[in-house]
$ cat coords20.txt   # compact mmCIF, C-alpha atoms
# COMPACT_ATOMS: atom_id res chain seq x y z
CA MET A 6 -5.47 68.68 51.05
CA THR A 7 -8.17 66.08 51.21
CA GLY A 8 -9.89 67.58 48.19
CA ILE A 9 -6.71 67.57 46.09
CA SER A 10 -6.03 63.98 46.97
CA ARG A 11 -9.50 62.90 45.89
CA ARG A 12 -9.18 64.75 42.58
CA ALA A 13 -5.79 63.20 41.95
CA LEU A 14 -7.12 59.78 42.81
CA ARG A 15 -10.14 60.25 40.52
CA ARG A 16 -7.87 61.46 37.69
CA HIS A 17 -5.48 58.58 38.20
CA ARG A 18 -8.34 56.08 38.22
CA GLY A 19 -9.78 57.55 35.04
CA ILE A 20 -6.54 57.31 33.10
CA SER A 21 -5.11 53.82 33.61
CA GLY A 22 -7.08 51.80 36.07
CA LEU A 23 -9.59 49.01 35.42
CA SER A 24 -12.47 48.06 37.60
CA LEU A 25 -12.91 44.53 38.89
CA LEU A 26 -15.92 44.09 36.61
CA GLU A 27 -13.93 45.11 33.53
CA MET A 28 -11.17 42.72 34.46
CA LEU A 29 -13.65 39.88 34.94
CA VAL A 30 -15.30 40.55 31.58
CA ALA A 31 -11.92 40.76 29.82
CA THR A 32 -10.77 37.54 31.47
CA LEU A 33 -14.00 35.81 30.52
CA ILE A 34 -13.69 36.85 26.86
CA PHE A 35 -10.04 35.84 26.82
CA SER A 36 -10.86 32.45 28.37
CA ILE A 37 -13.62 31.77 25.86
CA LEU A 38 -11.29 32.65 22.97
CA MET A 39 -8.49 30.49 24.36
CA LEU A 40 -10.88 27.62 24.91
CA GLY A 41 -11.95 27.88 21.27
CA PHE A 42 -8.38 28.04 20.05
CA THR A 43 -7.38 25.11 22.22
CA SER A 44 -10.22 22.97 20.89
CA LEU A 45 -9.41 23.96 17.35
CA PHE A 46 -5.73 23.28 17.88
CA ARG A 47 -6.43 19.90 19.45
CA PHE A 48 -8.71 19.00 16.55
CA SER A 49 -6.07 20.10 14.05
CA ILE A 50 -3.33 18.11 15.76
CA THR A 51 -5.54 15.00 15.83
CA ALA A 52 -6.34 15.44 12.15
CA TRP A 53 -2.66 15.96 11.43
CA PHE A 54 -1.69 12.74 13.22
CA ASN A 55 -4.45 10.88 11.37
CA ALA A 56 -3.10 12.17 8.07
CA VAL A 57 0.45 11.20 9.01
CA GLY A 58 -0.76 7.78 10.20
CA ARG A 59 -2.65 7.20 6.96
CA PHE A 60 0.43 8.20 5.00
CA GLY A 61 2.66 5.91 7.09
CA ASN A 62 0.31 2.97 6.63
CA ILE A 63 -0.01 3.35 2.88
CA GLN A 64 3.74 3.73 2.53
CA ASN A 65 4.23 0.57 4.56
CA LEU A 66 1.74 -1.36 2.45
CA ALA A 67 2.96 0.02 -0.87
CA GLY A 68 6.48 -1.20 -0.12
CA ALA A 69 5.23 -4.68 0.71
CA PHE A 70 2.95 -4.79 -2.35
CA ASP A 71 5.79 -3.79 -4.66
CA ILE A 72 7.84 -6.80 -3.58
CA ILE A 73 5.13 -9.45 -3.60
CA ALA A 74 3.54 -8.15 -6.82
CA SER A 75 6.87 -8.24 -8.62
CA ASP A 76 7.33 -11.89 -7.63
CA LEU A 77 3.76 -12.92 -8.38
CA ARG A 78 3.75 -11.34 -11.84
CA SER A 79 6.71 -13.53 -12.78
CA ALA A 80 5.46 -16.72 -11.08
CA LEU A 81 6.35 -19.84 -13.06
CA PRO A 82 3.45 -21.82 -14.50
CA PRO A 83 3.32 -25.59 -13.85
CA TYR A 84 5.77 -27.59 -15.89
CA ASP A 85 4.72 -31.09 -16.97
CA THR A 86 8.03 -32.84 -16.43
CA CYS A 87 8.89 -31.15 -13.17
CA SER A 88 6.51 -31.42 -10.26
CA ASP A 89 8.88 -29.28 -8.21
CA ILE A 90 7.53 -26.20 -9.98
CA TYR A 91 4.21 -25.15 -8.49
CA LEU A 92 2.11 -22.44 -6.91
CA LEU A 93 0.37 -23.44 -3.72
CA GLY A 94 -1.89 -21.16 -1.76
CA GLN A 95 -3.66 -22.19 1.42
CA ASP A 96 -6.25 -20.43 3.47
CA GLU A 97 -5.70 -19.76 7.16
CA GLY A 98 -5.63 -22.97 9.21
CA SER A 99 -3.91 -25.17 6.62
CA THR A 100 -0.21 -25.59 5.98
CA VAL A 101 1.52 -25.56 2.61
CA ASP A 102 5.07 -26.02 3.75
CA PRO A 103 6.48 -26.99 7.17
CA ASP A 104 9.25 -24.45 6.67
CA LEU A 105 6.71 -21.68 7.03
CA THR A 106 7.04 -21.65 10.78
CA ASN A 107 4.63 -20.12 13.27
CA SER A 108 2.22 -19.28 10.49
CA ILE A 109 -1.01 -17.70 11.72
CA GLN A 110 -2.79 -16.75 8.50
CA ASP A 111 -2.71 -17.55 4.77
CA GLU A 112 0.29 -19.16 3.12
CA LEU A 113 1.59 -18.83 -0.42
CA VAL A 114 4.51 -20.67 -2.04
CA PHE A 115 5.57 -20.42 -5.66
CA HIS A 116 8.60 -20.25 -7.93
CA CYS A 117 9.78 -17.22 -9.79
CA PRO A 118 12.84 -15.63 -11.27
CA THR A 119 13.61 -12.88 -8.81
CA TYR A 120 16.28 -10.91 -7.15
CA THR A 121 17.07 -12.09 -3.67
CA SER A 122 17.40 -10.04 -0.58
CA LYS A 123 20.85 -11.53 -0.08
CA GLU A 124 21.88 -10.79 -3.62
CA GLY A 125 25.62 -10.97 -4.00
CA GLN A 126 25.93 -13.24 -1.00
CA PHE A 127 25.62 -16.94 -0.56
CA ASN A 128 25.24 -18.67 2.74
CA SER A 129 27.38 -21.75 3.23
CA PRO A 130 26.09 -24.63 5.37
CA ASN A 131 28.21 -23.48 8.29
CA GLY A 132 26.84 -19.96 8.12
CA GLN A 133 29.67 -18.27 6.28
CA GLN A 134 28.91 -15.94 3.45
CA TRP A 135 30.66 -16.77 0.24
CA SER A 136 31.61 -14.46 -2.58
CA ALA A 137 29.19 -12.81 -4.95
CA ALA A 138 30.38 -15.06 -7.80
CA ALA A 139 28.77 -18.07 -6.17
CA ARG A 140 25.41 -16.38 -6.58
CA ILE A 141 25.60 -15.88 -10.35
CA GLY A 142 23.26 -18.16 -12.25
CA ASN A 143 20.96 -18.81 -9.32
CA GLU A 144 18.11 -16.69 -10.62
CA LEU A 145 15.28 -19.03 -9.80
CA ALA A 146 13.86 -18.83 -6.32
CA LYS A 147 11.18 -20.55 -4.37
CA ARG A 148 9.20 -17.89 -2.62
CA GLY A 149 7.20 -18.39 0.52
CA TYR A 150 4.97 -15.68 1.90
CA TRP A 151 3.23 -16.09 5.20
CA MET A 152 2.59 -14.28 8.41
CA ARG A 153 4.66 -15.37 11.35
CA ARG A 154 3.99 -14.69 15.00
CA ASP A 155 7.19 -14.41 16.96
CA SER A 156 7.04 -16.36 20.21
CA THR A 157 9.25 -14.00 22.17
CA ASN A 158 7.61 -10.67 21.58
CA ASP A 159 4.42 -11.64 19.76
CA THR A 160 5.31 -9.41 16.86
CA ILE A 161 3.54 -10.32 13.69
CA LEU A 162 5.80 -10.45 10.69
CA MET A 163 5.55 -11.53 7.12
CA GLN A 164 8.56 -13.06 5.52
CA GLY A 165 9.86 -13.93 2.11
CA ARG A 166 11.98 -17.02 1.66
CA ASP A 167 14.82 -17.26 -0.78
CA VAL A 168 16.23 -20.52 -1.98
CA ALA A 169 19.89 -20.36 -2.58
CA ASP A 170 20.86 -23.32 -4.68
CA THR A 171 19.08 -24.16 -7.93
CA SER A 172 20.34 -25.69 -11.13
CA ASP A 173 19.65 -24.57 -14.68
CA TYR A 174 17.71 -27.69 -15.61
CA CYS A 175 14.34 -28.25 -14.10
CA PRO A 176 14.58 -32.04 -13.51
CA GLU A 177 17.70 -31.41 -11.45
CA ILE A 178 16.21 -28.68 -9.35
CA THR A 179 17.38 -28.79 -5.78
CA TYR A 180 16.71 -26.54 -2.87
CA GLY A 181 19.39 -25.28 -0.62
CA PHE A 182 19.04 -23.75 2.78
CA SER A 183 16.34 -21.24 3.37
CA ILE A 184 17.01 -17.64 4.09
CA PHE A 185 14.31 -15.96 6.09
CA ASP A 186 13.84 -12.27 5.67
CA GLU A 187 11.49 -9.90 7.30
CA PHE A 188 9.19 -8.81 4.55
CA ALA A 189 6.78 -6.34 6.08
CA TYR A 190 6.44 -4.90 9.55
CA SER A 191 3.38 -3.89 11.51
CA VAL A 192 1.08 -5.97 9.35
CA SER A 193 -1.88 -7.57 11.10
CA LYS A 194 -3.62 -9.24 8.16
CA PHE A 195 -2.37 -11.33 5.27
CA ASN A 196 -5.08 -12.72 3.03
CA VAL A 197 -4.54 -14.17 -0.45
CA GLU A 198 -7.32 -15.05 -2.91
CA TYR A 199 -7.17 -16.57 -6.38
CA TYR A 200 -9.36 -15.83 -9.40
CA ASP A 201 -9.92 -18.66 -11.88
CA GLY A 202 -11.76 -16.52 -14.41
CA ALA A 203 -15.17 -16.92 -12.80
CA THR A 204 -14.90 -16.85 -9.00
CA TRP A 205 -12.47 -15.89 -6.27
CA LEU A 206 -11.11 -18.88 -4.32
CA ASP A 207 -9.35 -19.11 -0.94
CA ASP A 208 -6.95 -21.87 -2.04
CA TRP A 209 -5.02 -22.70 -5.17
CA SER A 210 -2.83 -25.56 -6.29
CA THR A 211 -1.27 -25.76 -9.75
CA ASN A 212 -0.93 -29.50 -9.11
CA THR A 213 -4.72 -29.89 -9.27
CA GLN A 214 -5.75 -26.82 -11.28
CA GLY A 215 -3.03 -27.35 -13.88
CA LYS A 216 -2.45 -23.62 -14.37
CA LEU A 217 -1.75 -20.40 -12.59
CA PRO A 218 -4.70 -18.31 -11.40
CA LYS A 219 -5.81 -15.48 -13.66
CA LEU A 220 -5.52 -13.03 -10.81
CA VAL A 221 -4.17 -13.09 -7.28
CA ARG A 222 -5.57 -10.64 -4.73
CA VAL A 223 -3.36 -9.91 -1.74
CA THR A 224 -5.00 -8.08 1.16
CA LEU A 225 -2.85 -6.59 3.89
CA GLN A 226 -3.67 -4.57 6.96
CA SER A 227 -1.09 -2.17 8.33
CA THR A 228 -1.06 -0.95 11.90
CA LYS A 229 2.12 1.03 11.60
CA SER A 230 0.85 4.36 12.80
CA GLY A 231 -2.23 4.54 14.93
CA ALA A 232 -5.37 3.39 13.18
CA ALA A 233 -5.24 0.29 11.00
CA MET A 234 -5.52 0.50 7.23
CA THR A 235 -6.63 -2.31 4.93
CA MET A 236 -5.47 -2.33 1.33
CA ALA A 237 -5.46 -4.89 -1.46
CA TYR A 238 -3.39 -5.38 -4.58
CA VAL A 239 -4.53 -7.45 -7.53
CA VAL A 240 -1.83 -9.11 -9.61
CA HIS A 241 -1.97 -10.96 -12.91
CA PRO A 242 0.69 -13.69 -13.16
CA ARG A 243 1.91 -12.96 -16.67
CA ALA A 244 3.19 -16.37 -17.75
CA GLN A 245 0.27 -18.63 -18.58
CA GLY A 246 2.25 -21.39 -20.32
CA THR A 247 5.75 -22.81 -20.63
CA TYR A 248 7.31 -23.53 -23.98
CA ILE A 249 10.52 -25.52 -23.91
CA THR A 250 12.58 -25.28 -27.04
CA GLN A 251 15.75 -27.10 -26.09
CA MET B 14 -1.14 49.46 24.73
CA GLU B 15 1.27 46.63 25.54
CA VAL B 16 -1.62 44.29 26.12
CA MET B 17 -3.09 45.15 22.74
CA VAL B 18 0.22 44.51 20.96
CA ALA B 19 0.62 41.18 22.74
CA ALA B 20 -2.93 40.19 21.91
CA THR B 21 -2.43 41.16 18.25
CA ILE B 22 0.72 39.06 18.00
CA MET B 23 -0.96 36.11 19.68
CA PHE B 24 -4.05 36.24 17.47
CA THR B 25 -1.97 36.71 14.32
CA GLY B 26 -0.01 33.56 15.22
CA ALA B 27 -3.19 31.68 15.96
CA VAL B 28 -4.78 32.73 12.68
CA VAL B 29 -1.67 31.68 10.74
CA MET B 30 -1.66 28.33 12.53
CA ILE B 31 -5.34 27.77 11.83
CA THR B 32 -4.82 28.68 8.19
CA VAL B 33 -1.71 26.56 7.63
CA LEU B 34 -2.64 23.39 9.53
CA PRO B 35 -5.59 22.42 7.30
CA LYS B 36 -3.36 22.85 4.26
CA LEU B 37 -0.74 20.57 5.82
CA ILE B 38 -3.40 18.00 6.68
CA GLU B 39 -4.82 18.22 3.18
CA ALA B 40 -1.32 17.76 1.75
CA GLY B 41 -0.83 14.61 3.84
CA TYR B 42 -4.16 13.16 2.70
CA SER B 43 -3.49 14.14 -0.88
CA ARG B 44 -0.15 12.34 -0.92
CA SER B 45 -1.50 9.13 0.60
CA SER B 46 -4.48 9.24 -1.77
CA ARG B 47 -2.09 9.44 -4.68
CA ASP B 48 -0.22 6.39 -3.36
CA MET B 49 -3.54 4.56 -3.11
CA SER B 50 -4.43 5.65 -6.61
CA TYR B 51 -1.24 3.98 -7.83
CA ILE B 52 -2.19 0.70 -6.13
CA PHE B 53 -5.73 0.85 -7.53
CA GLY B 54 -4.37 1.73 -10.96
CA MET B 55 -1.85 -1.12 -11.05
CA SER B 56 -4.49 -3.57 -9.84
CA LYS B 57 -6.95 -2.47 -12.51
CA MET B 58 -4.23 -2.66 -15.13
CA ASP B 59 -3.50 -6.27 -14.16
CA GLU B 60 -7.20 -7.11 -14.25
CA ILE B 61 -7.49 -5.66 -17.75
CA MET B 62 -4.40 -7.58 -18.83
CA ALA B 63 -5.96 -10.81 -17.57
CA SER B 64 -9.04 -10.27 -19.74
CA PRO B 65 -9.38 -11.82 -23.21
CA TYR B 66 -7.93 -9.49 -25.85
CA SER B 67 -11.13 -9.00 -27.84
CA THR B 68 -13.13 -7.97 -24.76
CA ILE B 69 -10.86 -5.03 -23.94
CA THR B 70 -12.68 -2.03 -25.35
CA SER B 71 -13.76 0.41 -22.66
CA GLY B 72 -15.17 0.42 -19.15
CA SER B 73 -15.77 2.44 -16.01
CA GLY B 74 -16.83 1.96 -12.42
CA SER B 75 -15.61 1.78 -8.85
CA PHE B 76 -13.21 -0.62 -7.16
CA THR B 77 -15.72 -2.12 -4.75
CA GLU B 78 -16.06 -5.29 -6.76
CA LEU B 79 -12.36 -5.82 -7.36
CA MET B 80 -11.41 -4.99 -3.76
CA PRO B 81 -14.46 -5.54 -1.56
CA ASP B 82 -12.48 -5.55 1.71
CA VAL B 83 -10.90 -2.15 1.14
CA PRO B 84 -12.94 0.70 2.65
CA GLU B 85 -11.15 3.30 0.49
CA ALA B 86 -12.35 1.53 -2.66
CA TYR B 87 -15.54 3.60 -2.50
CA ASN B 88 -13.60 6.81 -2.97
CA PHE B 89 -11.85 5.84 -6.19
CA GLU B 90 -13.22 5.27 -9.67
CA TYR B 91 -11.72 4.16 -12.96
CA GLN B 92 -12.37 4.71 -16.61
CA TYR B 93 -10.48 3.13 -19.47
CA THR B 94 -10.57 3.08 -23.24
CA ALA B 95 -8.67 0.84 -25.61
CA THR B 96 -7.78 1.77 -29.17
CA GLU B 97 -6.12 -0.39 -31.76
CA VAL B 98 -2.63 0.61 -32.73
CA THR B 99 -2.27 0.86 -36.47
CA THR B 100 0.97 1.61 -38.21
CA ASP B 101 2.30 0.83 -41.65
CA ASN B 102 4.58 -1.88 -40.34
CA LEU B 103 2.12 -3.56 -38.00
CA PRO B 104 -0.78 -5.80 -38.94
CA THR B 105 -4.08 -4.61 -37.55
CA ASP B 106 -5.70 -6.05 -34.44
CA LEU B 107 -2.47 -7.15 -32.79
CA LEU B 108 -1.82 -4.31 -30.39
CA LYS B 109 -4.04 -2.09 -28.27
CA ARG B 110 -3.26 1.12 -26.48
CA VAL B 111 -5.15 1.31 -23.19
CA THR B 112 -5.64 4.60 -21.37
CA LEU B 113 -6.68 4.13 -17.75
CA VAL B 114 -7.77 7.09 -15.65
CA ILE B 115 -8.20 6.81 -11.88
CA THR B 116 -10.23 9.59 -10.23
CA TRP B 117 -10.89 10.44 -6.61
CA GLY B 118 -11.59 13.38 -4.30
CA ASP B 119 -14.52 15.78 -4.10
CA ASP B 120 -16.35 15.76 -7.42
CA SER B 121 -13.61 13.43 -8.74
CA ASP B 122 -11.39 16.46 -9.13
CA LYS B 123 -8.13 14.51 -8.76
CA SER B 124 -6.88 11.97 -11.24
CA ASP B 125 -3.97 9.86 -12.41
CA THR B 126 -3.62 8.56 -15.95
CA TYR B 127 -1.84 5.36 -16.96
CA VAL B 128 -1.17 4.32 -20.53
CA PHE B 129 -0.09 0.81 -21.43
CA TYR B 130 -0.08 -1.47 -24.44
CA MET B 131 -1.51 -4.96 -24.80
CA ALA B 132 -0.61 -7.50 -27.44
CA ASP B 133 -2.96 -10.17 -28.70
CA LYS B 134 -1.83 -13.40 -27.04
CA GLY B 135 -4.47 -15.49 -28.72
CA ASP B 136 -6.30 -16.06 -25.44
CA ASP B 137 -9.86 -15.38 -26.64
$ encode --input "coords20.txt" --output "structure tokens"
Amino acid sequence: MTGISRRALRRHRGISGLSLLEMLVATLIFSILMLGFTSLFRFSITAWFNAVGRFGNIQNLAGAFDIIASDLRSALPPYDTCSDIYLLGQDEGSTVDPDLTNSIQDELVFHCPTYTSKEGQFNSPNGQQWSAAARIGNELAKRGYWMRRDSTNDTILMQGRDVADTSDYCPEITYGFSIFDEFAYSVSKFNVEYYDGATWLDDWSTNTQGKLPKLVRVTLQSTKSGAAMTMAYVVHPRAQGTYITQ
Amino acid sequence: MEVMVAATIMFTGAVVMITVLPKLIEAGYSRSSRDMSYIFGMSKMDEIMASPYSTITSGSGSFTELMPDVPEAYNFEYQYTATEVTTDNLPTDLLKRVTLVITWGDDSDKSDTYVFYMADKGDD
């Protein structure tokens, strides 16, 4: 009886059982493999988020560049009989226009024919929005680009300013009420430089230079997704002279 | 037996994940690099357009001089050539066709090509 039981036990152990040592070795190998996979997986996920962050940042910047480059390319050159037409760019610490509120970095103001963000609408002095017809013919806009720090939540924004009311004739140019629009989000740097054909300058004034810069370099830094990304866009204002035929 | 099947399934999944993730990451980087290439290309195009007409012939280099504050500028290079457009109806030396190629990536194996025309504005 005792002999049979021992044989059965030995047979049973030989078929499906594992010793403690085997289990420990198997567990150790499994743990090492899982540790490797976990590290690899963590590395992959980090790399994936970096790639997504890079993509998000460049998308954010590309959208902002498209808008400002479109306006800058069509910036109006100075016009002798109308001092209201100008391009003014100031480095951080100076102010171009008091309407550019809470400005914390560079400022840029110029005139250009452009679409407006409120196209088809026209704000009345009491805040009502008039019909689209009132907007027709008001193609010229005074653009202001600057970086604004909001006092309530300390969010840094950049805004474009539209001017609603302009006349067809330059000497009669008048500016209506400003419309402030959020231009780019999650931007932590706004730097504008001006090329005169020989050197890059931090400031520009068509009132003193008498012409538009050859090139304008806009540098933005996006912090939309994780790590910050710095990118620049160089724009050539196309119009270098004004010829009045009327 | 069951343990072996489970382990096989787990390792197959892990291998697939390890194989696919780098391709996804590469795809993300590739797309954002192409967006950057567009920005570099447009900037270079504007710089060429701002140059005097007679000086636009050919050139190559990196973007470190044009965009010194952009770290990615080291990874992109440009090359352009300008040829005069001659047709029966057009006087010579009035129009140039500029081909701009932006390259990046390992061994500059990725590229975008932009073609634009420039007229002589008498700015020499």
$ residues_around --input "coords20.txt" --residues "Ala80 of chain A" --least-positions-apart "2" --cutoff "10 Å" --atoms "only C-alpha atoms" --output "JSON, numbers by chain"
{"A": [74, 75, 76, 77, 78, 82, 83, 90, 91, 92, 114, 115, 116, 117, 118, 119, 146, 147, 148, 217, 241, 242, 243, 244, 245]}
$ closest_atom_pairs --input "coords20.txt" --of "chain A" --to "chain B" --cutoff "6 Å" --atoms "all atoms listed in the file" --output "tab-separated table"
residue	atom	partner	partner_atom	distance
A:Trp53	CA	B:Ile38	CA	5.2
A:Ala56	CA	B:Gly41	CA	5.4
A:Phe60	CA	B:Ser45	CA	4.9
A:Thr235	CA	B:Val83	CA	5.7
A:Met236	CA	B:Val83	CA	5.4
A:Tyr238	CA	B:Ser56	CA	5.7
A:Val239	CA	B:Ser56	CA	4.5
A:Val240	CA	B:Asp59	CA	5.6
A:His241	CA	B:Asp59	CA	5.1
$ atom_distance --input "coords20.txt" --atom1 "atom CA of Lys134 of chain B" --atom2 "atom CA of Asp71 of chain A"
25.5 Å
$ atom_distance --input "coords20.txt" --atom1 "atom CA of Met131 of chain B" --atom2 "atom CA of Val111 of chain B"
7.4 Å
$ atom_distance --input "coords20.txt" --atom1 "atom CA of Ile109 of chain A" --atom2 "atom CA of Val197 of chain A"
13.2 Å
$ residues_near_point --input "coords20.txt" --point "(3.8, 4.2, -22.5)" --cutoff "12 Å" --atoms "only C-alpha atoms" --output "PyMOL selection string"
chain B and resi 109-113+126-131
$ residues_around --input "coords20.txt" --residues "segment 98-101 of chain A" --least-positions-apart "2" --cutoff "10 Å" --atoms "all atoms listed in the file" --output "PyMOL selection string"
chain A and resi 93-96+103-106+108-114+149+151+208+210
$ write_last_selection --input "coords20.txt" --atoms "C-alpha atoms" --output "PDB file, in the coordinates of the input"
ATOM      1  CA  LEU A  93       0.370 -23.440  -3.720  1.00  0.00           C
ATOM      2  CA  GLY A  94      -1.890 -21.160  -1.760  1.00  0.00           C
ATOM      3  CA  GLN A  95      -3.660 -22.190   1.420  1.00  0.00           C
ATOM      4  CA  ASP A  96      -6.250 -20.430   3.470  1.00  0.00           C
ATOM      5  CA  PRO A 103       6.480 -26.990   7.170  1.00  0.00           C
ATOM      6  CA  ASP A 104       9.250 -24.450   6.670  1.00  0.00           C
ATOM      7  CA  LEU A 105       6.710 -21.680   7.030  1.00  0.00           C
ATOM      8  CA  THR A 106       7.040 -21.650  10.780  1.00  0.00           C
ATOM      9  CA  SER A 108       2.220 -19.280  10.490  1.00  0.00           C
ATOM     10  CA  ILE A 109      -1.010 -17.700  11.720  1.00  0.00           C
ATOM     11  CA  GLN A 110      -2.790 -16.750   8.500  1.00  0.00           C
ATOM     12  CA  ASP A 111      -2.710 -17.550   4.770  1.00  0.00           C
ATOM     13  CA  GLU A 112       0.290 -19.160   3.120  1.00  0.00           C
ATOM     14  CA  LEU A 113       1.590 -18.830  -0.420  1.00  0.00           C
ATOM     15  CA  VAL A 114       4.510 -20.670  -2.040  1.00  0.00           C
ATOM     16  CA  GLY A 149       7.200 -18.390   0.520  1.00  0.00           C
ATOM     17  CA  TRP A 151       3.230 -16.090   5.200  1.00  0.00           C
ATOM     18  CA  ASP A 208      -6.950 -21.870  -2.040  1.00  0.00           C
ATOM     19  CA  SER A 210      -2.830 -25.560  -6.290  1.00  0.00           C
TER      20      SER A 210
END
$ closest_residue --input "coords20.txt" --among "A:Lys229, A:Met234, A:Lys216, A:Ala31" --to "Leu81 of chain A" --atoms "all atoms listed in the file"
A:Lys216
$ closest_residue --input "coords20.txt" --among "B:Thr32, B:Thr77, B:Gln92, B:Ile69" --to "Asp125 of chain B" --atoms "only C-alpha atoms"
B:Gln92
$ closest_residue --input "coords20.txt" --among "B:Leu108, B:Val16, B:Ile22, B:Val114" --to "Ser73 of chain B" --atoms "only C-alpha atoms"
B:Val114
$ closest_residue --input "coords20.txt" --among "B:Pro104, B:Gly26, B:Pro65, B:Gly74" --to "Tyr91 of chain B" --atoms "only C-alpha atoms"
B:Gly74
$ axis_aligned_box --input "coords20.txt" --around "segment 98-109 of chain A" --padding-each-side "4 Å" --output "lines of an AutoDock Vina configuration file"
center_x = 1.8
center_y = -22.3
center_z = 7.9
size_x = 22.9
size_y = 17.3
size_z = 18.7
